[in-house]
Amino acid sequence: MIGLIIISIRKTINFDYFRTNMSHFTTMKTSFQNLVYLEKALNKLQISHKKQNLTDQSAFSNLIINQSNGYDIEFAWNGNEYELIVDMSFWEQSCPVESFIDKVAQQYAGEVIVGESQKLGFQPIKYQQNEDGSNTVVLERWNEKV
């Protein structure tokens with residue numbers, strides 16, 4: 001017997017707030033709470049990054065995306081989730097910041113779904129990007145009990 005799950009992933013990020021301080025840095029609250037899945041999402045999107053350990057004893061790290069102008073992008077752990085911190089006047093990515101976050105959020109959601117489903121015995125058998133921008137993930141699990 002096969003258990004089959006088909007999931008369609010759309011752009012899911014809702015910006016709770018944008019906060020700007022005097023140095024023009026903008027902090028965007030996200031729903032990214034798992035460093036492993038966030039790194040996998042960045043890797044799949046071919047976004048180079050490096051880890052910055054918060055302290056020697058902390059299990060949490062920040063992720064830094066270097067930009068050629070020296071004004072790096074940071075996913076910083078705030079104790080609950082990773083916030084995106086960026087100086088908007090020096091944004092050098094190939095798309096606007098909102099589109100960047102949407103792409104990362106969509107890939108992150110896919111990584112969470114696959115990773116957490118694997119813990120339940122499901123395996124991904126198909127990952128498809130659809131024309132409307134959504135992704136479809138098909139997972140299956142063989143049930144040993146008959």
# chains A, B, ... in the order shown; residues from 1 in each chain; ligands from 1
call {"tool": "residues_around", "arguments": {"residues": "segment 72-78 of chain A", "least_positions_apart": "2", "cutoff": "12 Å", "atoms": "only C-alpha atoms", "output": "MDAnalysis selection string"}}
result
chainID A and resid 25:35 38:39 42 47:55 58:70 80:93 97 100:101 104
call {"tool": "write_last_selection", "arguments": {"atoms": "N, CA and C atoms", "output": "short mmCIF file (atom, residue, chain, number, x, y, z; two decimals), in the first residue's frame"}}
result
data_model
loop_
_atom_site.label_atom_id
_atom_site.label_comp_id
_atom_site.auth_asym_id
_atom_site.auth_seq_id
_atom_site.Cartn_x
_atom_site.Cartn_y
_atom_site.Cartn_z
N PHE A 25 19.37 50.81 7.45
CA PHE A 25 19.21 49.37 7.43
C PHE A 25 17.75 49.04 7.64
N THR A 26 17.26 48.11 6.86
CA THR A 26 15.88 47.66 6.98
C THR A 26 15.89 46.25 7.52
N THR A 27 15.04 46.01 8.51
CA THR A 27 14.90 44.67 9.08
C THR A 27 13.53 44.15 8.67
N MET A 28 13.51 42.97 8.06
CA MET A 28 12.26 42.37 7.63
C MET A 28 12.04 41.09 8.42
N LYS A 29 10.92 41.03 9.10
CA LYS A 29 10.58 39.85 9.85
C LYS A 29 10.17 38.75 8.86
N THR A 30 10.65 37.54 9.09
CA THR A 30 10.30 36.41 8.24
C THR A 30 9.74 35.30 9.12
N SER A 31 9.42 34.19 8.51
CA SER A 31 8.98 33.03 9.28
C SER A 31 10.03 31.92 9.21
N PHE A 32 11.27 32.25 8.88
CA PHE A 32 12.34 31.27 8.79
C PHE A 32 12.86 30.97 10.19
N GLN A 33 12.65 29.74 10.65
CA GLN A 33 13.07 29.38 12.00
C GLN A 33 14.10 28.28 12.04
N ASN A 34 14.37 27.66 10.90
CA ASN A 34 15.29 26.52 10.88
C ASN A 34 16.46 26.84 9.97
N LEU A 35 17.65 26.91 10.57
CA LEU A 35 18.85 27.27 9.83
C LEU A 35 19.16 26.27 8.72
N LEU A 38 16.87 26.86 5.82
CA LEU A 38 17.20 28.14 5.20
C LEU A 38 18.45 28.01 4.34
N GLU A 39 19.46 27.32 4.86
CA GLU A 39 20.68 27.12 4.07
C GLU A 39 20.42 26.28 2.83
N LEU A 42 18.78 28.51 0.22
CA LEU A 42 19.76 29.40 -0.42
C LEU A 42 20.65 28.62 -1.38
N ILE A 47 22.46 30.88 -4.12
CA ILE A 47 22.81 32.14 -3.45
C ILE A 47 23.95 31.84 -2.49
N SER A 48 25.13 32.34 -2.81
CA SER A 48 26.30 32.11 -1.97
C SER A 48 26.13 32.80 -0.63
N HIS A 49 26.54 32.13 0.42
CA HIS A 49 26.41 32.68 1.77
C HIS A 49 27.44 32.03 2.67
N LYS A 50 27.62 32.63 3.83
CA LYS A 50 28.51 32.05 4.84
C LYS A 50 27.85 32.16 6.20
N LYS A 51 28.23 31.25 7.09
CA LYS A 51 27.71 31.27 8.46
C LYS A 51 28.56 32.19 9.32
N GLN A 52 27.90 32.88 10.22
CA GLN A 52 28.59 33.69 11.21
C GLN A 52 28.06 33.24 12.57
N ASN A 53 28.90 32.54 13.35
CA ASN A 53 28.47 32.07 14.66
C ASN A 53 28.23 33.25 15.58
N LEU A 54 27.13 33.16 16.35
CA LEU A 54 26.79 34.26 17.26
C LEU A 54 27.71 34.29 18.47
N THR A 55 27.91 33.14 19.07
CA THR A 55 28.86 33.00 20.18
C THR A 55 29.44 31.60 20.11
N SER A 58 26.63 29.19 21.32
CA SER A 58 25.29 29.27 20.74
C SER A 58 25.10 28.22 19.65
N ALA A 59 23.92 27.66 19.60
CA ALA A 59 23.58 26.72 18.54
C ALA A 59 23.10 27.47 17.30
N PHE A 60 22.98 28.78 17.38
CA PHE A 60 22.45 29.57 16.29
C PHE A 60 23.55 30.34 15.59
N SER A 61 23.36 30.55 14.30
CA SER A 61 24.29 31.32 13.49
C SER A 61 23.50 32.29 12.63
N ASN A 62 24.14 33.36 12.23
CA ASN A 62 23.57 34.24 11.23
C ASN A 62 24.12 33.82 9.88
N LEU A 63 23.40 34.13 8.83
CA LEU A 63 23.87 33.86 7.47
C LEU A 63 24.14 35.18 6.77
N ILE A 64 25.29 35.27 6.15
CA ILE A 64 25.72 36.49 5.48
C ILE A 64 25.80 36.22 3.98
N ILE A 65 25.17 37.09 3.20
CA ILE A 65 25.27 37.04 1.74
C ILE A 65 26.10 38.23 1.33
N ASN A 66 27.30 37.96 0.83
CA ASN A 66 28.20 39.04 0.44
C ASN A 66 27.72 39.69 -0.85
N GLN A 67 27.87 41.00 -0.88
CA GLN A 67 27.61 41.77 -2.10
C GLN A 67 28.93 42.44 -2.49
N SER A 68 29.13 42.66 -3.78
CA SER A 68 30.40 43.21 -4.25
C SER A 68 30.65 44.63 -3.76
N ASN A 69 29.59 45.35 -3.35
CA ASN A 69 29.76 46.72 -2.89
C ASN A 69 30.14 46.80 -1.41
N GLY A 70 30.24 45.64 -0.73
CA GLY A 70 30.62 45.62 0.67
C GLY A 70 29.47 45.76 1.66
N ASN A 80 13.80 34.09 17.84
CA ASN A 80 12.60 33.39 17.40
C ASN A 80 12.65 32.95 15.94
N GLU A 81 13.26 33.80 15.11
CA GLU A 81 13.32 33.53 13.68
C GLU A 81 14.46 34.34 13.07
N TYR A 82 14.71 34.08 11.80
CA TYR A 82 15.74 34.81 11.08
C TYR A 82 15.11 36.03 10.41
N GLU A 83 15.63 37.21 10.73
CA GLU A 83 15.20 38.45 10.10
C GLU A 83 16.18 38.79 8.99
N LEU A 84 15.68 39.37 7.93
CA LEU A 84 16.55 39.85 6.86
C LEU A 84 16.93 41.28 7.19
N ILE A 85 18.23 41.53 7.24
CA ILE A 85 18.73 42.88 7.51
C ILE A 85 19.54 43.33 6.30
N VAL A 86 19.16 44.47 5.75
CA VAL A 86 19.79 44.95 4.53
C VAL A 86 19.73 46.47 4.48
N ASP A 87 20.74 47.08 3.90
CA ASP A 87 20.71 48.50 3.60
C ASP A 87 20.10 48.63 2.21
N MET A 88 18.85 49.06 2.15
CA MET A 88 18.10 49.08 0.89
C MET A 88 18.74 49.96 -0.18
N SER A 89 19.47 50.98 0.21
CA SER A 89 20.09 51.85 -0.79
C SER A 89 21.29 51.18 -1.46
N PHE A 90 21.72 50.03 -0.95
CA PHE A 90 22.86 49.33 -1.55
C PHE A 90 22.49 47.90 -1.97
N TRP A 91 21.22 47.67 -2.25
CA TRP A 91 20.75 46.34 -2.69
C TRP A 91 21.31 46.06 -4.07
N GLU A 92 22.02 44.93 -4.23
CA GLU A 92 22.66 44.59 -5.51
C GLU A 92 22.24 43.24 -6.05
N GLN A 93 21.10 42.74 -5.68
CA GLN A 93 20.66 41.45 -6.18
C GLN A 93 19.94 41.62 -7.52
N VAL A 97 13.98 43.35 -3.44
CA VAL A 97 14.06 42.63 -2.17
C VAL A 97 12.80 41.81 -1.90
N PHE A 100 13.06 38.71 -3.91
CA PHE A 100 14.12 37.89 -3.33
C PHE A 100 13.57 37.09 -2.16
N ILE A 101 12.87 37.77 -1.26
CA ILE A 101 12.30 37.10 -0.09
C ILE A 101 11.25 36.08 -0.52
N VAL A 104 13.08 32.97 -1.76
CA VAL A 104 13.68 32.23 -0.63
C VAL A 104 12.57 31.55 0.19
#
call {"tool": "atom_distance", "arguments": {"atom1": "atom CA of Asn143 of chain A", "atom2": "atom CA of Tyr37 of chain A"}}
result
26.8 Å
call {"tool": "atom_distance", "arguments": {"atom1": "atom CA of Glu98 of chain A", "atom2": "atom CA of Asn43 of chain A"}}
result
18.9 Å
call {"tool": "closest_residue", "arguments": {"among": "A:Gln118, A:Gly79, A:Lys44, A:Ser134", "to": "Gln106 of chain A", "atoms": "only C-alpha atoms"}}
result
A:Ser134
